[in-house]
Amino acid sequence: MSYSRFEAMELLGKRLTDDALVILSLGGAVDEWYNAAPHMREASLFQQQLGCVSGEAFGLAVGLPHRQIVSLDTDGGLLFNLGILATLGNEQPQNLFIVVWDNEQYQSIGGPATHTAKGRVDLAAIARGAGVDKAFTAHTLEEFDAHCAAGLAATEPYIVVAKTDGILQPGIKRKHSDGREDKYIFVRHVEKIEGITIMGPSEHN
C-alpha cells in the first residue's frame, strides 16, 4: 500500500512552524515541499547530494539542541549513507525527526528501482538495528500523521519510513531559486531566529 507524498507533506507541514528547521533531499520532493508547506520556505534547505540529508540535519540538531530539526530524506538518499543511522544510534540527538520518503525508486533520474523495491530491505529495521529505537514504517496517511505527532514530540531520534507512491504532484509551481540563493535564504533565517551572525556582509559591500 502506498499514498501520496504531497498529501503526507501537507500533513507534516501543518504540524510545523518556521521555528523548526528542515533539510530535504533533491528531486521532485523539493518542489512538492515548497508547495505543500509554503510557510516553511525560509526555514528549509535542500541538499543536492544523495546521502547527505540526514547527516546535515544531525549536525544542525547537535549545533542547535534547543530547536526542532526535521530531515526529509529519501530511500535512495539514505541507502547512500546507512552509516548515519549508527551515528544517530550512538549519539541519540533529542531534537531530530527524520522522514524517509520511500517510493522505491530514484525518481529524479527517471525511476530506476532502489533496493527497497523488492520488499526485502527494511530501512526502519536497519535503523533499529543501528540503535535508533523509535524507527517505524508508515503504510497509510493515518499512520504517517500519527508518527509525525509522536516524532515531533519525542526526546530521542525518531524515524518514520513513509511508503509513498512515485507520482509527482501535478500542477505545482517549480522552486524559483538556485542553490546559492537557497543557502542565503536559509542562513539568514537561522541568523534571525537565533539572534546570531553566521555569514557577515559580502567583502564587496
# chains A, B, ... in the order shown; residues from 1 in each chain; ligands from 1
$ residues_around --residues "Ala86 of chain A" --least-positions-apart "3" --cutoff "10 Å" --atoms "only C-alpha atoms" --output "ChimeraX atom specification"
/A:82-83,89-92,126-132
$ select_by_dssp --residues "segment 1-203 of chain A" --states "strand (DSSP E)" --output "ChimeraX atom specification"
/A:21-24,44-46,69-74,96-101,134-138,158-162
$ residues_around --residues "segment 36-42 of chain A" --least-positions-apart "2" --cutoff "6 Å" --atoms "only C-alpha atoms" --output "PDB file with N, CA, C and O atoms, in the first residue's frame"
ATOM      1  N   MET A   9       3.216  15.399   2.952  1.00  0.00           N
ATOM      2  CA  MET A   9       3.917  16.651   3.245  1.00  0.00           C
ATOM      3  C   MET A   9       2.962  17.706   3.785  1.00  0.00           C
ATOM      4  O   MET A   9       3.323  18.462   4.698  1.00  0.00           O
ATOM      5  N   GLU A  10       1.764  17.760   3.237  1.00  0.00           N
ATOM      6  CA  GLU A  10       0.787  18.727   3.745  1.00  0.00           C
ATOM      7  C   GLU A  10       0.466  18.457   5.214  1.00  0.00           C
ATOM      8  O   GLU A  10       0.353  19.395   6.010  1.00  0.00           O
ATOM      9  N   GLY A  13       3.498  19.535   7.227  1.00  0.00           N
ATOM     10  CA  GLY A  13       3.606  20.988   7.220  1.00  0.00           C
ATOM     11  C   GLY A  13       2.667  21.658   8.207  1.00  0.00           C
ATOM     12  O   GLY A  13       3.018  22.673   8.822  1.00  0.00           O
ATOM     13  N   ASP A  18       7.869  27.923  11.416  1.00  0.00           N
ATOM     14  CA  ASP A  18       9.216  28.192  10.920  1.00  0.00           C
ATOM     15  C   ASP A  18      10.235  28.352  12.042  1.00  0.00           C
ATOM     16  O   ASP A  18      11.381  28.725  11.797  1.00  0.00           O
ATOM     17  N   GLU A  32       7.600  19.796  -4.347  1.00  0.00           N
ATOM     18  CA  GLU A  32       6.410  19.399  -3.598  1.00  0.00           C
ATOM     19  C   GLU A  32       6.418  20.011  -2.194  1.00  0.00           C
ATOM     20  O   GLU A  32       5.389  20.493  -1.727  1.00  0.00           O
ATOM     21  N   TRP A  33       7.564  19.991  -1.521  1.00  0.00           N
ATOM     22  CA  TRP A  33       7.623  20.524  -0.161  1.00  0.00           C
ATOM     23  C   TRP A  33       7.332  22.020  -0.137  1.00  0.00           C
ATOM     24  O   TRP A  33       6.577  22.504   0.713  1.00  0.00           O
ATOM     25  N   TYR A  34       7.910  22.760  -1.045  1.00  0.00           N
ATOM     26  CA  TYR A  34       7.717  24.208  -1.042  1.00  0.00           C
ATOM     27  C   TYR A  34       6.287  24.595  -1.408  1.00  0.00           C
ATOM     28  O   TYR A  34       5.830  25.691  -1.075  1.00  0.00           O
ATOM     29  N   SER A  44      13.707  26.025   5.306  1.00  0.00           N
ATOM     30  CA  SER A  44      14.021  24.746   4.664  1.00  0.00           C
ATOM     31  C   SER A  44      15.175  24.907   3.693  1.00  0.00           C
ATOM     32  O   SER A  44      15.274  25.914   2.981  1.00  0.00           O
ATOM     33  N   ILE A 185      19.053  32.324   1.845  1.00  0.00           N
ATOM     34  CA  ILE A 185      17.721  32.443   2.438  1.00  0.00           C
ATOM     35  C   ILE A 185      17.666  31.681   3.762  1.00  0.00           C
ATOM     36  O   ILE A 185      17.190  32.188   4.789  1.00  0.00           O
ATOM     37  N   PHE A 186      18.190  30.458   3.740  1.00  0.00           N
ATOM     38  CA  PHE A 186      18.155  29.606   4.927  1.00  0.00           C
ATOM     39  C   PHE A 186      19.044  30.162   6.037  1.00  0.00           C
ATOM     40  O   PHE A 186      18.623  30.274   7.201  1.00  0.00           O
TER      41      PHE A 186
END
$ closest_residue --among "A:Tyr158, A:Trp101, A:Phe136, A:Phe58" --to "Leu26 of chain A" --atoms "only C-alpha atoms"
A:Trp101
$ atom_distance --atom1 "atom CA of Gly59 of chain A" --atom2 "atom CA of Lys14 of chain A"
24.7 Å
$ residues_around --residues "segment 74-79 of chain A" --least-positions-apart "5" --cutoff "6 Å" --atoms "only C-alpha atoms" --output "PyMOL selection string"
chain A and resi 50-51+100-102
$ closest_residue --among "A:Thr155, A:Asp73, A:Thr87, A:Gly63" --to "Leu123 of chain A" --atoms "only C-alpha atoms"
A:Asp73
$ residues_around --residues "Tyr184 of chain A" --least-positions-apart "4" --cutoff "10 Å" --atoms "only C-alpha atoms" --output "short mmCIF file (atom, residue, chain, number, x, y, z; two decimals) with C-alpha atoms, in the first residue's frame"
data_model
loop_
_atom_site.label_atom_id
_atom_site.label_comp_id
_atom_site.auth_asym_id
_atom_site.auth_seq_id
_atom_site.Cartn_x
_atom_site.Cartn_y
_atom_site.Cartn_z
CA GLU A 42 12.88 30.21 4.58
CA LEU A 45 17.18 23.92 2.75
CA GLY A 179 21.20 26.52 -4.61
CA ARG A 180 23.26 29.59 -3.76
CA ARG A 188 19.66 34.48 7.08
CA HIS A 189 16.59 32.83 8.57
CA VAL A 190 18.71 30.93 11.10
CA MET A 199 27.87 34.93 7.48
#
$ closest_residue --among "A:Ala43, A:Ala124, A:Leu24, A:Ile69" --to "Leu152 of chain A" --atoms "only C-alpha atoms"
A:Ile69
$ select_by_dssp --residues "segment 37-88 of chain A" --states "alpha helix (DSSP H)" --output "ChimeraX atom specification"
/A:53-63,75-79,83-88
